[in-house]
$ cat structure08.txt   # compact mmCIF, C-alpha atoms
# COMPACT_ATOMS: atom_id res chain seq x y z
CA MET A 413 24.08 61.27 -81.20
CA SER A 414 21.18 60.45 -83.52
CA LYS A 415 17.77 61.76 -82.63
CA LYS A 416 15.55 59.28 -80.82
CA LEU A 417 12.26 58.30 -82.43
CA PRO A 418 9.13 59.71 -80.77
CA LEU A 419 7.25 57.63 -78.20
CA ASP A 420 3.83 59.17 -78.77
CA PRO A 421 1.40 57.90 -81.42
CA TYR A 422 0.26 60.06 -84.32
CA LYS A 423 -1.98 62.89 -83.09
CA GLY A 424 -5.61 61.89 -82.76
CA VAL A 425 -5.11 58.12 -82.81
CA ARG A 426 -4.56 55.68 -79.96
CA ASP A 427 -2.25 52.94 -78.87
CA PHE A 428 -4.18 50.03 -77.41
CA TYR A 429 -2.35 48.52 -74.46
CA PRO A 430 -4.06 45.44 -72.99
CA GLU A 431 -6.59 47.38 -70.89
CA GLU A 432 -7.58 49.67 -73.77
CA GLN A 433 -7.71 46.71 -76.16
CA ALA A 434 -9.93 44.88 -73.69
CA PHE A 435 -12.48 47.71 -73.84
CA LEU A 436 -12.35 47.78 -77.64
CA ASN A 437 -12.90 44.01 -77.66
CA TYR A 438 -15.83 44.49 -75.27
CA PHE A 439 -17.30 47.17 -77.53
CA MET A 440 -16.98 44.95 -80.59
CA ALA A 441 -18.30 41.83 -78.87
CA THR A 442 -21.33 43.68 -77.50
CA CYS A 443 -22.11 45.24 -80.88
CA ARG A 444 -21.59 41.97 -82.73
CA ALA A 445 -23.88 40.06 -80.36
CA LEU A 446 -26.64 42.67 -80.62
CA ALA A 447 -26.49 42.87 -84.41
CA GLU A 448 -26.53 39.12 -84.90
CA GLN A 449 -29.30 38.67 -82.33
CA VAL A 450 -31.63 40.65 -84.59
CA GLY A 451 -30.65 38.96 -87.83
CA TYR A 452 -27.74 40.97 -89.31
CA VAL A 453 -24.67 39.35 -90.88
CA GLU A 454 -21.13 40.70 -90.93
CA TYR A 455 -19.17 41.96 -93.93
CA GLY A 456 -15.82 43.72 -94.34
CA ALA A 457 -13.86 45.86 -96.80
CA SER A 458 -10.51 47.58 -97.24
CA ILE A 459 -9.81 50.89 -95.51
CA LEU A 460 -8.73 52.29 -98.92
CA GLU A 461 -11.24 53.61 -101.45
CA PRO A 462 -10.98 55.73 -104.60
CA SER A 463 -11.51 59.34 -103.53
CA GLU A 464 -14.31 59.81 -106.04
CA LEU A 465 -16.46 57.49 -103.92
CA TYR A 466 -16.94 60.31 -101.40
CA ARG A 467 -17.18 63.38 -103.59
CA GLY A 468 -20.76 64.57 -103.73
CA LYS A 469 -21.94 61.62 -101.64
CA THR A 470 -20.87 62.47 -98.12
CA SER A 471 -20.56 66.10 -97.05
CA GLU A 472 -18.36 68.87 -98.43
CA GLU A 473 -16.80 69.50 -95.01
CA ILE A 474 -15.72 65.86 -94.65
CA VAL A 475 -14.51 65.49 -98.24
CA ASN A 476 -12.67 68.81 -98.45
CA GLU A 477 -11.36 69.17 -94.91
CA GLN A 478 -11.45 65.88 -93.03
CA THR A 479 -10.32 63.06 -95.31
CA TYR A 480 -6.89 61.47 -95.44
CA THR A 481 -6.37 61.60 -99.20
CA PHE A 482 -3.19 60.91 -101.16
CA ILE A 483 -1.89 59.95 -104.60
CA ASP A 484 -0.68 56.36 -104.80
CA ARG A 485 2.24 55.08 -106.90
CA GLY A 486 -0.13 54.50 -109.80
CA GLU A 487 -1.14 58.20 -109.78
CA ARG A 488 -4.59 57.32 -108.39
CA GLU A 489 -6.25 59.50 -105.75
CA VAL A 490 -6.99 57.31 -102.73
CA THR A 491 -8.76 58.03 -99.42
CA LEU A 492 -8.74 56.30 -96.05
CA ARG A 493 -12.43 55.69 -95.45
CA PRO A 494 -14.03 58.43 -93.31
CA GLU A 495 -17.22 56.35 -92.98
CA MET A 496 -18.55 52.99 -94.14
CA THR A 497 -21.87 53.78 -95.82
CA PRO A 498 -20.55 54.63 -99.33
CA THR A 499 -18.44 51.44 -99.24
CA VAL A 500 -21.32 49.14 -98.33
CA ALA A 501 -23.55 50.91 -100.86
CA ARG A 502 -20.94 50.17 -103.54
CA MET A 503 -20.69 46.54 -102.42
CA VAL A 504 -24.45 45.95 -102.41
CA ALA A 505 -24.88 47.62 -105.80
CA ALA A 506 -22.13 45.43 -107.26
CA LYS A 507 -23.78 42.17 -106.12
CA ARG A 508 -27.44 43.23 -106.27
CA ARG A 509 -28.40 40.35 -108.62
CA GLU A 510 -27.02 37.78 -106.19
CA LEU A 511 -28.26 39.19 -102.89
CA GLY A 512 -31.63 38.62 -101.28
CA PHE A 513 -33.64 41.64 -100.16
CA PRO A 514 -34.34 42.86 -97.60
CA LEU A 515 -30.65 42.52 -96.85
CA ARG A 516 -29.40 43.03 -93.30
CA LEU A 517 -25.66 43.77 -92.96
CA TYR A 518 -23.33 44.98 -90.22
CA SER A 519 -19.61 45.73 -89.81
CA ILE A 520 -17.29 47.16 -87.16
CA PRO A 521 -14.55 48.94 -89.16
CA ASN A 522 -12.04 51.60 -88.20
CA VAL A 523 -12.62 54.95 -89.94
CA PHE A 524 -10.41 58.04 -90.32
CA ARG A 525 -11.13 61.76 -90.29
CA TYR A 526 -8.65 64.61 -90.17
CA GLU A 527 -10.32 66.81 -87.57
CA ARG A 528 -9.32 68.50 -84.33
CA PRO A 529 -9.12 65.86 -81.61
CA GLN A 530 -11.47 66.62 -78.72
CA ARG A 531 -13.75 64.87 -76.27
CA GLY A 532 -15.76 62.29 -78.19
CA ARG A 533 -13.86 62.86 -81.46
CA LEU A 534 -10.55 61.42 -82.59
CA ARG A 535 -8.93 61.01 -86.00
CA GLU A 536 -9.49 57.26 -85.95
CA HIS A 537 -12.17 55.24 -84.25
CA TRP A 538 -14.04 51.96 -84.55
CA GLN A 539 -17.67 52.08 -85.52
CA LEU A 540 -20.57 49.65 -85.63
CA ASN A 541 -22.52 50.03 -88.89
CA VAL A 542 -25.93 48.35 -89.22
CA ASP A 543 -27.91 48.72 -92.48
CA VAL A 544 -31.05 47.35 -94.15
CA PHE A 545 -31.17 47.38 -97.95
CA GLY A 546 -34.10 46.85 -100.28
CA SER A 547 -37.06 48.05 -98.21
CA SER A 548 -38.96 51.35 -98.25
CA SER A 549 -41.19 50.18 -95.41
CA LEU A 550 -41.50 52.36 -92.34
CA ALA A 551 -40.96 49.13 -90.42
CA ALA A 552 -37.35 49.11 -91.68
CA ASP A 553 -36.78 52.59 -90.23
CA ALA A 554 -38.36 51.44 -86.98
CA GLU A 555 -36.15 48.35 -86.88
CA ILE A 556 -32.96 50.40 -87.27
CA ILE A 557 -34.10 52.82 -84.55
CA ALA A 558 -34.85 49.78 -82.37
CA VAL A 559 -31.29 48.57 -83.05
CA ALA A 560 -29.99 51.94 -81.79
CA TYR A 561 -32.13 51.54 -78.67
CA GLY A 562 -30.88 47.96 -78.27
CA ILE A 563 -27.26 49.08 -78.52
CA MET A 564 -27.70 51.41 -75.58
CA ARG A 565 -29.45 48.80 -73.47
CA ALA A 566 -26.79 46.22 -74.35
CA PHE A 567 -24.17 48.54 -72.85
CA GLY A 568 -26.15 48.78 -69.61
CA ALA A 569 -28.01 52.07 -70.19
CA THR A 570 -31.43 52.70 -68.68
CA ASP A 571 -34.16 54.66 -70.46
CA SER A 572 -33.39 57.75 -68.38
CA ASP A 573 -29.74 57.71 -69.52
CA PHE A 574 -30.46 58.63 -73.14
CA VAL A 575 -33.07 59.96 -75.53
CA ILE A 576 -33.60 59.19 -79.21
CA LYS A 577 -34.46 62.28 -81.26
CA LEU A 578 -36.05 61.88 -84.68
CA GLY A 579 -35.85 64.41 -87.47
CA SER A 580 -37.11 64.52 -91.05
CA ARG A 581 -35.10 65.33 -94.14
CA ALA A 582 -38.40 65.36 -96.04
CA PHE A 583 -39.63 68.19 -93.80
CA LEU A 584 -36.40 70.10 -94.27
CA ASP A 585 -36.46 69.61 -98.04
CA ALA A 586 -40.05 70.88 -98.14
CA LEU A 587 -39.06 73.90 -96.04
CA THR A 588 -36.13 74.82 -98.30
CA THR A 589 -38.43 74.53 -101.31
CA GLU A 590 -41.04 76.73 -99.61
CA LEU A 591 -38.41 79.35 -98.82
CA GLY A 592 -36.90 79.16 -102.31
CA LEU A 593 -33.41 78.31 -101.07
CA SER A 594 -30.78 77.33 -103.60
CA GLU A 595 -29.14 73.92 -103.22
CA ALA A 596 -26.04 75.66 -101.85
CA ASP A 597 -28.08 77.50 -99.21
CA ALA A 598 -30.01 74.33 -98.41
CA LYS A 599 -26.68 72.63 -97.67
CA LYS A 600 -25.66 75.59 -95.49
CA LEU A 601 -28.93 75.28 -93.55
CA ARG A 602 -28.39 71.55 -92.97
CA GLY A 603 -24.86 72.22 -91.80
CA LEU A 604 -26.01 75.00 -89.52
CA LEU A 605 -28.63 72.76 -87.93
CA ASP A 606 -26.13 69.92 -87.56
CA ARG A 607 -23.68 72.21 -85.71
CA ARG A 608 -26.30 73.98 -83.60
CA ALA A 609 -25.38 72.26 -80.34
CA LYS A 610 -21.74 73.34 -80.77
CA MET A 611 -22.38 77.08 -81.14
CA PRO A 612 -23.95 79.92 -79.13
CA GLU A 613 -27.63 80.41 -79.91
CA ALA A 614 -26.92 83.97 -81.06
CA GLU A 615 -24.50 82.62 -83.68
CA PHE A 616 -27.13 80.12 -84.81
CA ASP A 617 -29.75 82.89 -85.09
CA ALA A 618 -27.34 84.99 -87.14
CA GLY A 619 -26.78 82.06 -89.48
CA LEU A 620 -30.52 81.66 -90.00
CA ALA A 621 -30.91 85.37 -90.66
CA GLU A 622 -28.13 85.27 -93.26
CA LEU A 623 -30.00 82.50 -95.09
CA GLY A 624 -33.34 84.24 -94.69
CA VAL A 625 -34.86 81.38 -92.68
CA PRO A 626 -37.40 82.42 -89.99
CA LYS A 627 -36.58 80.55 -86.79
CA GLU A 628 -40.21 79.71 -86.13
CA LYS A 629 -40.27 77.69 -89.35
CA LEU A 630 -38.00 75.14 -87.67
CA SER A 631 -40.61 74.35 -85.01
CA PRO A 632 -43.66 73.01 -86.85
CA SER A 633 -46.78 72.55 -84.79
CA GLU A 634 -47.40 69.07 -86.19
CA VAL A 635 -45.17 66.01 -86.07
CA PRO A 636 -44.66 64.39 -89.51
CA GLN A 637 -46.97 61.42 -89.89
CA ASP A 638 -44.25 58.78 -90.36
CA ILE A 639 -42.36 59.96 -87.29
CA ALA A 640 -45.56 60.15 -85.24
CA LYS A 641 -46.27 56.51 -86.13
CA ILE A 642 -42.82 55.35 -84.99
CA ILE A 643 -43.05 57.29 -81.74
CA GLU A 644 -46.53 55.90 -81.06
CA ASP A 645 -45.36 52.33 -81.64
CA PHE A 646 -42.30 52.74 -79.42
CA HIS A 647 -44.39 54.23 -76.63
CA ALA A 648 -46.86 51.35 -76.95
CA ALA A 649 -43.91 48.95 -76.58
CA GLY A 650 -42.93 50.64 -73.30
CA ILE A 651 -40.06 52.71 -74.73
CA PRO A 652 -40.69 56.31 -73.62
CA ASN A 653 -37.39 58.02 -74.44
CA ILE A 654 -38.06 58.85 -78.08
CA MET A 655 -39.22 62.19 -79.44
CA TYR A 656 -39.44 64.44 -82.50
CA ASP A 657 -36.86 67.19 -82.92
CA PRO A 658 -36.99 69.07 -86.26
CA GLY A 659 -33.43 70.29 -85.65
CA VAL A 660 -31.99 66.79 -86.09
CA VAL A 661 -30.72 66.62 -89.69
CA ARG A 662 -27.43 64.60 -89.62
CA GLY A 663 -24.39 65.90 -91.46
CA PHE A 664 -24.24 63.68 -94.53
CA ASP A 665 -25.76 64.84 -97.80
CA TYR A 666 -27.11 61.43 -98.78
CA TYR A 667 -29.90 61.21 -96.18
CA THR A 668 -33.40 61.37 -97.67
CA GLY A 669 -36.04 60.56 -95.04
CA ILE A 670 -36.21 59.99 -91.30
CA VAL A 671 -32.95 60.69 -89.49
CA PHE A 672 -32.21 60.26 -85.81
CA GLU A 673 -29.60 60.78 -83.11
CA VAL A 674 -29.11 59.22 -79.70
CA PHE A 675 -28.34 61.82 -77.01
CA ASP A 676 -26.71 61.30 -73.62
CA THR A 677 -28.73 62.90 -70.80
CA HIS A 678 -25.85 63.05 -68.30
CA PRO A 679 -24.96 66.70 -67.50
CA GLU A 680 -21.23 65.93 -67.87
CA ASN A 681 -21.67 64.41 -71.32
CA ASN A 682 -24.78 66.08 -72.72
CA ARG A 683 -24.19 65.45 -76.41
CA ALA A 684 -25.16 63.32 -79.41
CA LEU A 685 -23.60 59.86 -79.18
CA PHE A 686 -24.46 58.42 -82.60
CA GLY A 687 -27.23 58.26 -85.16
CA GLY A 688 -28.43 57.25 -88.57
CA GLY A 689 -31.28 57.48 -91.03
CA ARG A 690 -32.70 56.64 -94.44
CA TYR A 691 -30.65 57.09 -97.62
CA ASP A 692 -32.76 55.84 -100.52
CA ASN A 693 -30.82 57.48 -103.35
CA LEU A 694 -27.20 56.64 -102.56
CA LEU A 695 -27.11 53.27 -104.29
CA SER A 696 -28.60 54.80 -107.46
CA LEU A 697 -25.26 56.51 -108.02
CA PHE A 698 -23.76 53.08 -108.73
CA LEU A 699 -26.62 51.64 -110.77
CA PRO A 700 -27.43 51.87 -114.49
CA ALA A 701 -30.41 53.88 -115.67
CA GLN A 702 -33.54 51.83 -116.36
CA ALA A 703 -36.50 52.49 -118.61
CA GLY A 704 -38.72 54.90 -116.75
CA GLY A 705 -36.01 56.03 -114.32
CA ASP A 706 -32.94 54.96 -112.37
CA GLU A 707 -32.80 51.59 -110.67
CA LYS A 708 -33.17 52.13 -106.92
CA ILE A 709 -32.33 50.12 -103.82
CA PRO A 710 -33.68 51.92 -100.73
CA ALA A 711 -31.62 51.76 -97.54
CA VAL A 712 -31.62 52.81 -93.90
CA GLY A 713 -28.87 52.42 -91.30
CA VAL A 714 -27.20 53.45 -88.06
CA ALA A 715 -23.54 53.87 -87.02
CA CYS A 716 -22.17 53.90 -83.46
CA GLY A 717 -18.57 54.68 -82.46
CA ASP A 718 -16.42 53.27 -79.66
CA VAL A 719 -15.19 56.68 -78.41
CA THR A 720 -18.60 58.18 -77.64
CA ILE A 721 -19.79 54.91 -76.09
CA HIS A 722 -16.73 54.88 -73.82
CA ASP A 723 -17.44 58.47 -72.74
CA PHE A 724 -21.08 57.54 -72.07
CA LEU A 725 -20.03 54.61 -69.89
CA ALA A 726 -17.21 56.48 -68.14
CA VAL A 727 -19.39 59.26 -66.69
CA ARG A 728 -21.62 56.56 -65.20
CA ASN A 729 -18.82 54.27 -63.95
CA LEU A 730 -20.09 51.57 -66.30
CA VAL A 731 -16.79 50.80 -68.04
CA PRO A 732 -16.14 47.11 -67.27
CA PRO A 733 -13.11 46.55 -65.04
CA TYR A 734 -10.12 45.08 -66.79
CA ARG A 735 -9.80 41.33 -66.42
CA PRO A 736 -6.79 39.77 -68.13
CA PRO A 737 -7.42 36.58 -70.08
CA THR A 738 -4.70 34.83 -68.04
CA HIS A 739 -6.15 33.02 -65.02
CA VAL A 740 -2.96 32.10 -63.19
CA TYR A 741 0.73 32.97 -63.19
CA VAL A 742 3.20 30.19 -62.43
CA ALA A 743 6.37 31.41 -60.72
CA ILE A 744 9.28 28.96 -60.55
CA THR A 745 12.05 28.75 -57.99
CA SER A 746 14.74 27.93 -60.56
CA PRO A 747 15.22 28.39 -64.31
CA ASP A 748 15.81 24.62 -64.47
CA LEU A 749 12.12 24.07 -63.68
CA ALA A 750 10.79 25.92 -66.75
CA THR A 751 10.28 22.72 -68.75
CA ALA A 752 8.62 20.94 -65.82
CA ALA A 753 6.31 23.95 -65.33
CA HIS A 754 5.21 23.83 -68.97
CA THR A 755 4.61 20.08 -68.69
CA PHE A 756 2.55 20.66 -65.53
CA ALA A 757 0.42 23.37 -67.19
CA SER A 758 0.01 21.36 -70.39
CA GLN A 759 -1.22 18.29 -68.51
CA TYR A 760 -3.44 19.71 -65.78
CA LEU A 761 -4.55 23.23 -66.67
CA ARG A 762 -4.43 24.36 -70.30
CA PRO A 763 -6.34 21.41 -71.84
CA GLN A 764 -9.17 22.08 -69.38
CA GLY A 765 -9.49 25.73 -70.45
CA VAL A 766 -7.32 27.42 -67.82
CA ASN A 767 -5.04 30.13 -69.28
CA VAL A 768 -1.57 29.96 -67.77
CA ALA A 769 1.49 32.21 -68.04
CA ILE A 770 4.79 30.74 -66.83
CA ASP A 771 7.76 32.79 -65.70
CA PHE A 772 11.20 31.96 -67.08
CA GLY A 773 12.72 31.86 -63.60
CA ASP A 774 15.57 34.25 -64.34
CA LYS A 775 14.42 36.70 -61.66
CA LYS A 776 13.98 36.48 -57.91
CA LEU A 777 10.69 34.99 -56.74
CA ALA A 778 9.58 38.34 -55.31
CA ASP A 779 10.12 39.98 -58.69
CA GLN A 780 8.14 37.24 -60.43
CA ILE A 781 5.22 37.94 -58.09
CA LYS A 782 5.52 41.68 -58.86
CA THR A 783 5.28 40.84 -62.56
CA ALA A 784 2.06 38.90 -61.99
CA ASN A 785 0.63 41.88 -60.09
CA LYS A 786 1.61 44.34 -62.81
CA HIS A 787 -0.23 42.20 -65.34
CA LYS A 788 -3.22 42.09 -62.94
CA ILE A 789 -3.29 38.30 -63.14
CA PRO A 790 -5.54 37.25 -60.25
CA TYR A 791 -3.85 34.04 -59.07
CA LEU A 792 -0.32 32.75 -58.50
CA ILE A 793 1.18 29.29 -58.11
CA VAL A 794 4.78 28.95 -56.96
CA LEU A 795 6.26 25.79 -58.40
CA GLY A 796 9.38 24.24 -56.90
CA PRO A 797 10.85 20.77 -56.32
CA ASP A 798 8.66 20.17 -53.26
CA GLU A 799 5.43 20.93 -55.15
CA LEU A 800 6.42 18.71 -58.04
CA ALA A 801 7.33 15.86 -55.68
CA SER A 802 4.18 16.06 -53.55
CA GLY A 803 1.67 16.91 -56.28
CA ARG A 804 0.19 19.58 -53.95
CA PHE A 805 0.07 23.20 -55.11
CA VAL A 806 -0.75 26.42 -53.26
CA VAL A 807 -2.97 28.86 -55.16
CA ARG A 808 -2.61 32.44 -53.92
CA ASP A 809 -5.24 35.12 -54.56
CA LEU A 810 -3.01 38.10 -55.34
CA ALA A 811 -5.66 40.66 -54.41
CA SER A 812 -6.58 39.30 -50.97
CA GLY A 813 -3.51 37.21 -50.14
CA ASP A 814 -5.70 34.19 -49.38
CA GLU A 815 -4.19 30.80 -50.16
CA LYS A 816 -5.71 27.37 -50.88
CA THR A 817 -3.96 24.07 -51.48
CA PHE A 818 -5.06 21.63 -54.18
CA GLY A 819 -3.95 18.37 -55.66
CA LYS A 820 -3.00 18.64 -59.30
CA GLU A 821 -6.21 16.91 -60.35
CA GLN A 822 -8.39 19.53 -58.60
CA LEU A 823 -6.63 22.66 -59.84
CA ALA A 824 -8.50 23.09 -63.12
CA GLU A 825 -11.88 22.66 -61.43
CA PHE A 826 -11.04 25.48 -58.99
CA PHE A 827 -10.22 27.98 -61.75
CA LEU A 828 -13.13 27.02 -63.97
CA ASN A 829 -15.62 27.30 -61.08
CA LEU A 830 -14.54 30.93 -60.63
CA GLY A 831 -16.23 31.86 -63.92
CA ARG A 832 -19.57 30.25 -63.09
$ encode --input "structure08.txt" --output "structure tokens"
Amino acid sequence: MSKKLPLDPYKGVRDFYPEEQAFLNYFMATCRALAEQVGYVEYGASILEPSELYRGKTSEEIVNEQTYTFIDRGEREVTLRPEMTPTVARMVAAKRRELGFPLRLYSIPNVFRYERPQRGRLREHWQLNVDVFGSSSLAADAEIIAVAYGIMRAFGATDSDFVIKLGSRAFLDALTTELGLSEADAKKLRGLLDRRAKMPEAEFDAGLAELGVPKEKLSPSEVPQDIAKIIEDFHAAGIPNIMYDPGVVRGFDYYTGIVFEVFDTHPENNRALFGGGRYDNLLSLFLPAQAGGDEKIPAVGVACGDVTIHDFLAVRNLVPPYRPPTHVYVAITSPDLATAAHTFASQYLRPQGVNVAIDFGDKKLADQIKTANKHKIPYLIVLGPDELASGRFVVRDLASGDEKTFGKEQLAEFFLNLGR
């Protein structure tokens, strides 16, 4: 006997049955509405990129250990995108003469990383990316941080549910210069800070000692001026859950200025959810040199993934209950009535916006009702010769068992009123 094919998906990725797909749709719809509400427009791109796009632009750990990279049939090295920022930077650089700045863009792509699957991390996830190009203004940083705040509120979070922590790559760069660290050691320090929450404090201290970095240097007595300004403005706007944390550095090498992360405050999910920051030099890698220096397009952005948002909502019982798009299931007493049932639905329900699924009638009526329950369709109509002759139809609420009788002209109004 031949070996059966496996039933499980590839490790670290997910199958999306209707309930899981419904949450992903909810995530995307919420993100899309928030981004467009504040003036961002959607773009898209292929999941495949030349591998060189990520080398030296992302982080060594991601490029060397976490990318899905392969050689295609044309002997080209290709990578499934591990993030979206290098792609959108390439796109903006390519069309810079045609685009108006400041440019506000968003996307909700799937991204891939070969890492150990664990809580909050899978090998594929969907991710909202929101970016502003062409502005060095502190107001652009503040707007992106406000987008991060708006994302959390759009998913039903209160200010006590999360905190936004701001860090400064400029501070860290100044510190590494002061300490005389090589670029390699500076990268090690950024990586150590980025992983701090995932390791024992003694291990973190040992890492600092190995690099020759005094721990007290990571806790400056003064908040950087740009960060202080943002915090002051947010507090004045009635947003208290924002603070400075010099340990926030983000893992990507391309960040240049203010960086930030959104942290869950729930004790069962006390972790960073998502973040972003300024990356003023990334687009220069795609642009020709100009007289007096490289052409530059400053940028700042944020990215938020569906997995961490789901975990945030789950520990608070905020995941929306599954509601199938089908409003009513029509069971029929005989297979011969299938055509009449479709005619009935096409005349009195579907044109008015009521979504109807019709059984084929090749099972017992009790089994048809079980099917409707398994699909979690809320209402049932049993259609037989008597109903067709009288024009009167019984609508059963499958959760409560309650029944109401309507003429065919009143049916659509009943279902549509349920959504009001």
$ residues_around --input "structure08.txt" --residues "A:Ile556" --least-positions-apart "4" --cutoff "8 Å" --atoms "only C-alpha atoms" --output "ChimeraX atom specification"
/A:542-544,552,560,712-714
$ atom_distance --input "structure08.txt" --atom1 "atom CA of A:Thr499" --atom2 "atom CA of A:Gly486"
21.4 Å
$ residues_around --input "structure08.txt" --residues "A:Ala506" --least-positions-apart "6" --cutoff "10 Å" --atoms "all atoms listed in the file" --output "PyMOL selection string"
chain A and resi 500+695+698-699
$ residues_near_point --input "structure08.txt" --point "(-21.9, 64.7, -68.0)" --cutoff "12 Å" --atoms "only C-alpha atoms" --output "list of chain:residue names"
A:Arg531, A:Asp573, A:Phe574, A:Phe675, A:Asp676, A:Thr677, A:His678, A:Pro679, A:Glu680, A:Asn681, A:Asn682, A:Arg683, A:Ala684, A:Asp723, A:Phe724, A:Leu725, A:Ala726, A:Val727, A:Arg728, A:Asn729
$ write_last_selection --input "structure08.txt" --atoms "C-alpha atoms" --output "compact mmCIF listing (two decimals), in the coordinates of the input"
# COMPACT_ATOMS: atom_id res chain seq x y z
CA ARG A 531 -13.75 64.87 -76.27
CA ASP A 573 -29.74 57.71 -69.52
CA PHE A 574 -30.46 58.63 -73.14
CA PHE A 675 -28.34 61.82 -77.01
CA ASP A 676 -26.71 61.30 -73.62
CA THR A 677 -28.73 62.90 -70.80
CA HIS A 678 -25.85 63.05 -68.30
CA PRO A 679 -24.96 66.70 -67.50
CA GLU A 680 -21.23 65.93 -67.87
CA ASN A 681 -21.67 64.41 -71.32
CA ASN A 682 -24.78 66.08 -72.72
CA ARG A 683 -24.19 65.45 -76.41
CA ALA A 684 -25.16 63.32 -79.41
CA ASP A 723 -17.44 58.47 -72.74
CA PHE A 724 -21.08 57.54 -72.07
CA LEU A 725 -20.03 54.61 -69.89
CA ALA A 726 -17.21 56.48 -68.14
CA VAL A 727 -19.39 59.26 -66.69
CA ARG A 728 -21.62 56.56 -65.20
CA ASN A 729 -18.82 54.27 -63.95
$ atom_distance --input "structure08.txt" --atom1 "atom CA of A:Gly546" --atom2 "atom CA of A:Gly689"
14.4 Å
$ closest_atom_pairs --input "structure08.txt" --of "stretch 453-562 of chain A" --to "stretch 418-441 of chain A" --cutoff "6 Å" --atoms "only C-alpha atoms" --output "tab-separated table"
residue	atom	partner	partner_atom	distance
A:Pro529	CA	A:Gly424	CA	5.4
A:Leu534	CA	A:Gly424	CA	5.0
A:Arg535	CA	A:Gly424	CA	4.7
A:Glu536	CA	A:Val425	CA	5.5
$ closest_residue --input "structure08.txt" --among "A:Pro521, A:Pro733, A:Pro797, A:Gly624" --to "A:Pro494" --atoms "all atoms listed in the file"
A:Pro521
$ atom_distance --input "structure08.txt" --atom1 "atom CA of A:Ile483" --atom2 "atom CA of A:Arg528"
23.2 Å
$ closest_residue --input "structure08.txt" --among "A:Asp606, A:Asp779, A:Glu487, A:Glu673" --to "A:Tyr561" --atoms "all atoms listed in the file"
A:Glu673
$ axis_aligned_box --input "structure08.txt" --around "stretch 628-637 of chain A" --padding-each-side "5 Å" --output "lines of an AutoDock Vina configuration file"
center_x = -42.7
center_y = 70.6
center_z = -87.3
size_x = 19.4
size_y = 28.3
size_z = 15.1
$ residues_around --input "structure08.txt" --residues "A:Phe756" --least-positions-apart "4" --cutoff "9 Å" --atoms "only C-alpha atoms" --output "mmCIF file with C-alpha atoms, keeping the file's coordinate frame"
data_model
loop_
_atom_site.group_PDB
_atom_site.id
_atom_site.type_symbol
_atom_site.label_atom_id
_atom_site.label_comp_id
_atom_site.auth_asym_id
_atom_site.auth_seq_id
_atom_site.Cartn_x
_atom_site.Cartn_y
_atom_site.Cartn_z
ATOM 1 C CA THR A 751 10.280 22.720 -68.750
ATOM 2 C CA ALA A 752 8.620 20.940 -65.820
ATOM 3 C CA TYR A 760 -3.440 19.710 -65.780
ATOM 4 C CA LEU A 761 -4.550 23.230 -66.670
ATOM 5 C CA LEU A 800 6.420 18.710 -58.040
ATOM 6 C CA LYS A 820 -3.000 18.640 -59.300
#
$ closest_residue --input "structure08.txt" --among "A:Met496, A:Cys443, A:Leu584, A:Leu620" --to "A:Val660" --atoms "all atoms listed in the file"
A:Leu584
$ closest_residue --input "structure08.txt" --among "A:Trp538, A:Phe545, A:Tyr656, A:Phe482" --to "A:Leu515" --atoms "only C-alpha atoms"
A:Phe545
$ closest_residue --input "structure08.txt" --among "A:Val523, A:Ala711, A:Ala757, A:Ala648" --to "A:Ser549" --atoms "all atoms listed in the file"
A:Ala711
$ residues_near_point --input "structure08.txt" --point "(-1.1, 40.5, -52.7)" --cutoff "10 Å" --atoms "all atoms listed in the file" --output "list in words"
Ile781, Lys782, Ala784, Asn785, Pro790, Tyr791, Leu792, Arg808, Asp809, Leu810, Ala811, Ser812, Gly813 and Asp814 of chain A
$ closest_residue --input "structure08.txt" --among "A:Phe672, A:Tyr741, A:Tyr666, A:Phe646" --to "A:Gly579" --atoms "all atoms listed in the file"
A:Phe672
$ residues_around --input "structure08.txt" --residues "stretch 632-639 of chain A" --least-positions-apart "5" --cutoff "9 Å" --atoms "all atoms listed in the file" --output "ChimeraX atom specification"
/A:550,578-580,583,644,655-658,670
$ residues_around --input "structure08.txt" --residues "A:Ala769" --least-positions-apart "6" --cutoff "8 Å" --atoms "only C-alpha atoms" --output "compact mmCIF listing (two decimals) with C-alpha atoms, in the frame of the given file"
# COMPACT_ATOMS: atom_id res chain seq x y z
CA THR A 738 -4.70 34.83 -68.04
CA VAL A 740 -2.96 32.10 -63.19
CA TYR A 741 0.73 32.97 -63.19
CA VAL A 742 3.20 30.19 -62.43
